[in-house]
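Only one structure is covered here, and it is reproduced in the block below.
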Amino acid sequence: MSFLRRRSAATPAGPDFDVLAMDPGDWPGNLGAGLLPAPDGSCQGVFLRYDLFGGRGPSMIIGNLPEGSPARELAEGQIPFEVAQLLLALENEEPVEVVDAEDMPVMQGDNLLIVRRLKLSESRISCVQFDRSDKVLVTIASWDRPITDDLYALLKPLPAELFQQG
């Protein structure tokens with residue numbers, strides 16, 4: 001998708017993990033998905049861009065990064081890849097950094113998640129992260145709307161086959 005910057009010309013066939021996101025059929029706006037390729041053609045992440053603003057930019061990006069994905073390796077204060085993609089899509093070039101993080105417990109169905117809320121220097125961005133039991137890091141970045149506990153109830157596994165090419 002146009003909101004991803006490819007690191008190489010390789011195009012992955014799709015992820016070998018399920019993607020946790022909101023079902024596209026439950027979302028009233030536009031939805032885009034992109035795969036982050038590794039040089040060997042494997043999938044190093046899946047990103048879903050939800051747009052409720054009528055083509056004026058995304059309202060939310062949800063990323064799923066497996067263990068070992070280079071997009072997970074962040075320096076101190078560096079923003080997650082999903083936040084960078086949100087800013088890029090909104091054509092916001094202001095420098096943004098992580099200024100604080102807080103861990104809090106949240107229930108998702110019968111599962112207890114330890115959610116890391118990131119506080120960013122750009123207050124209009126909400127960002128949370130949590131690790132799944134299969135070691136996939138889920139990051140949700142939202143523009144100009146808070147991320148509430150209700151959102152976790154909407155998340156469900158979308159099968160990897162949904163993102164297969166060909």
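Ordering of the structure tokens sets the chain letters (A, B, ...), residue numbers begin anew at 1 in every chain, and ligands are numbered from 1 in the order given.
Neighbouring residues of range 117-134 of chain A at 7 Å or closer, counting only C-alpha atoms and skipping chain neighbours under 4 positions away, are Val96, Glu97, Val98, Val99, Asp100, Ala101, Glu102, Asp103, Leu113, Val138, Thr139, Ile140, Ala141, Ser142, Trp143, Asp144, Pro146 and Ile147 of chain A.
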Inset, instruction - For Met22 in chain A, please output as a PyMOL selection string all residues within 10 Å (counting only C-alpha atoms; exclusion window: fewer than 3 positions along the same chain). - result: chain A and resi 19+25-27+48+50+62+151-158
What would the file look like if the residues just selected were written as a PDB file, in the first residue's frame with N, CA, C and O atoms?
```pdb
ATOM      1  N   VAL A  19      -3.312 -12.198  12.253  1.00  0.00           N
ATOM      2  CA  VAL A  19      -3.242 -10.762  12.490  1.00  0.00           C
ATOM      3  C   VAL A  19      -4.385 -10.374  13.406  1.00  0.00           C
ATOM      4  O   VAL A  19      -5.542 -10.695  13.137  1.00  0.00           O
ATOM      5  N   GLY A  25     -15.149  -6.015   7.871  1.00  0.00           N
ATOM      6  CA  GLY A  25     -16.596  -5.919   7.691  1.00  0.00           C
ATOM      7  C   GLY A  25     -17.286  -5.123   8.781  1.00  0.00           C
ATOM      8  O   GLY A  25     -18.407  -4.651   8.592  1.00  0.00           O
ATOM      9  N   ASP A  26     -16.613  -4.958   9.921  1.00  0.00           N
ATOM     10  CA  ASP A  26     -17.182  -4.200  11.041  1.00  0.00           C
ATOM     11  C   ASP A  26     -16.801  -2.730  10.996  1.00  0.00           C
ATOM     12  O   ASP A  26     -17.223  -1.963  11.846  1.00  0.00           O
ATOM     13  N   TRP A  27     -15.973  -2.338  10.044  1.00  0.00           N
ATOM     14  CA  TRP A  27     -15.434  -0.977  10.001  1.00  0.00           C
ATOM     15  C   TRP A  27     -16.184  -0.163   8.955  1.00  0.00           C
ATOM     16  O   TRP A  27     -16.246  -0.558   7.797  1.00  0.00           O
ATOM     17  N   LEU A  48      -2.602  -2.439   9.280  1.00  0.00           N
ATOM     18  CA  LEU A  48      -3.926  -2.104   8.777  1.00  0.00           C
ATOM     19  C   LEU A  48      -4.181  -0.640   9.062  1.00  0.00           C
ATOM     20  O   LEU A  48      -3.971  -0.175  10.182  1.00  0.00           O
ATOM     21  N   TYR A  50      -6.990   2.229   9.075  1.00  0.00           N
ATOM     22  CA  TYR A  50      -8.425   2.490   9.119  1.00  0.00           C
ATOM     23  C   TYR A  50      -8.652   3.981   8.922  1.00  0.00           C
ATOM     24  O   TYR A  50      -8.092   4.804   9.631  1.00  0.00           O
ATOM     25  N   ILE A  62      -3.142  -0.163  12.944  1.00  0.00           N
ATOM     26  CA  ILE A  62      -2.868  -1.294  13.830  1.00  0.00           C
ATOM     27  C   ILE A  62      -1.785  -2.135  13.168  1.00  0.00           C
ATOM     28  O   ILE A  62      -1.934  -2.561  12.021  1.00  0.00           O
ATOM     29  N   LEU A 151     -12.061  -0.691  22.702  1.00  0.00           N
ATOM     30  CA  LEU A 151     -11.429  -1.087  21.441  1.00  0.00           C
ATOM     31  C   LEU A 151     -10.930  -2.526  21.504  1.00  0.00           C
ATOM     32  O   LEU A 151     -11.053  -3.265  20.527  1.00  0.00           O
ATOM     33  N   TYR A 152     -10.404  -2.954  22.646  1.00  0.00           N
ATOM     34  CA  TYR A 152      -9.846  -4.307  22.743  1.00  0.00           C
ATOM     35  C   TYR A 152     -10.903  -5.378  22.509  1.00  0.00           C
ATOM     36  O   TYR A 152     -10.588  -6.459  22.026  1.00  0.00           O
ATOM     37  N   ALA A 153     -12.158  -5.078  22.849  1.00  0.00           N
ATOM     38  CA  ALA A 153     -13.247  -6.030  22.616  1.00  0.00           C
ATOM     39  C   ALA A 153     -13.521  -6.212  21.121  1.00  0.00           C
ATOM     40  O   ALA A 153     -14.057  -7.236  20.701  1.00  0.00           O
ATOM     41  N   LEU A 154     -13.161  -5.217  20.302  1.00  0.00           N
ATOM     42  CA  LEU A 154     -13.379  -5.297  18.852  1.00  0.00           C
ATOM     43  C   LEU A 154     -12.272  -6.048  18.121  1.00  0.00           C
ATOM     44  O   LEU A 154     -12.431  -6.424  16.969  1.00  0.00           O
ATOM     45  N   LEU A 155     -11.128  -6.243  18.782  1.00  0.00           N
ATOM     46  CA  LEU A 155      -9.997  -6.910  18.137  1.00  0.00           C
ATOM     47  C   LEU A 155     -10.254  -8.406  18.059  1.00  0.00           C
ATOM     48  O   LEU A 155     -10.720  -9.023  19.007  1.00  0.00           O
ATOM     49  N   LYS A 156      -9.946  -8.973  16.908  1.00  0.00           N
ATOM     50  CA  LYS A 156     -10.087 -10.416  16.723  1.00  0.00           C
ATOM     51  C   LYS A 156      -9.030 -10.891  15.745  1.00  0.00           C
ATOM     52  O   LYS A 156      -8.520 -10.097  14.940  1.00  0.00           O
ATOM     53  N   PRO A 157      -8.686 -12.171  15.808  1.00  0.00           N
ATOM     54  CA  PRO A 157      -7.684 -12.670  14.866  1.00  0.00           C
ATOM     55  C   PRO A 157      -8.253 -12.755  13.452  1.00  0.00           C
ATOM     56  O   PRO A 157      -9.309 -13.339  13.237  1.00  0.00           O
ATOM     57  N   LEU A 158      -7.576 -12.132  12.534  1.00  0.00           N
ATOM     58  CA  LEU A 158      -7.895 -12.272  11.112  1.00  0.00           C
ATOM     59  C   LEU A 158      -6.898 -13.282  10.560  1.00  0.00           C
ATOM     60  O   LEU A 158      -5.704 -13.154  10.798  1.00  0.00           O
TER      61      LEU A 158
END
```
As a PDB file with C-alpha atoms, in the first residue's frame, please: every residue in range 69-153 of chain A that a backbone DSSP assignment puts in alpha helix (DSSP H).
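Saved file selection_12.pdb follows:
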```
ATOM      1  CA  PHE A  81       6.754   2.258  13.222  1.00  0.00           C
ATOM      2  CA  GLU A  82       2.948   2.547  13.287  1.00  0.00           C
ATOM      3  CA  VAL A  83       3.125   6.088  14.705  1.00  0.00           C
ATOM      4  CA  ALA A  84       5.674   7.046  12.037  1.00  0.00           C
ATOM      5  CA  GLN A  85       3.356   5.677   9.325  1.00  0.00           C
ATOM      6  CA  LEU A  86       0.403   7.567  10.803  1.00  0.00           C
ATOM      7  CA  LEU A  87       2.383  10.821  10.764  1.00  0.00           C
ATOM      8  CA  LEU A  88       3.569  10.148   7.215  1.00  0.00           C
ATOM      9  CA  ALA A  89       0.026   9.495   6.013  1.00  0.00           C
ATOM     10  CA  ASP A 150     -13.753  -0.814  24.447  1.00  0.00           C
ATOM     11  CA  LEU A 151     -11.429  -1.087  21.441  1.00  0.00           C
ATOM     12  CA  TYR A 152      -9.846  -4.307  22.743  1.00  0.00           C
ATOM     13  CA  ALA A 153     -13.247  -6.030  22.616  1.00  0.00           C
TER      14      ALA A 153
END
```
Inset, instruction - In Å, rounded to a single decimal, give me how far CA of Leu112 in chain A is from CA of Glu76 in chain A. - result: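 Computing it gives 27.0 Å between the two atoms.
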Inset, instruction - Find the spatial neighbours of Leu65 in chain A, counting only C-alpha atoms, within a cut-off of 7 Å - ignore same-chain residues fewer than 4 positions away - and output them as a list in words. - result: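 So the residues in contact are Gln44, Gly45, Val46, Ser69, Arg72, Val136, Leu137 and Val138 of chain A.
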Inset, instruction - Can you list, as a PyMOL selection string, all residues belonging to chain A that DSSP tags as strand (DSSP E)? - result: chain A and resi 19-22+30-37+43-51+60-65+98-108+111-120+125-131+137-143+155-158
Legend entry - Distance of CA of Asp149 in chain A from CA of Phe47 in chain A, expressed in Å to one decimal place: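 Straight-line distance from CA of Phe47 in chain A to CA of Asp149 in chain A works out to 20.6 Å.
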Inset, instruction - Pick out the residues sitting within 7 Å of Ala160 in chain A, and hand them over as a VMD selection string; count only C-alpha atoms, and ignore anything fewer than 3 positions along from it in its own chain. - result: chain A and resid 14 to 19 163 to 164
Inset, instruction - Give the answer as one residue: which of A:Gly68, A:Pro95, A:Pro105, A:Gly41 has the shortest atom-to-atom distance to Ala13 in chain A, using only C-alpha atoms? - result: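 Smallest separation from Ala13 in chain A among the options: A:Gly41.
Here the question is which of A:Glu93, A:Asp51, A:Met104, A:Leu20 gets nearest to Gly63 in chain A using only C-alpha atoms, and that residue is A:Leu20.
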Inset, instruction - Find the residue from A:Glu161, A:Gly109, A:Lys135, A:Leu31 that sits nearest to Met60 in chain A; use only C-alpha atoms when measuring. - result: A:Leu31
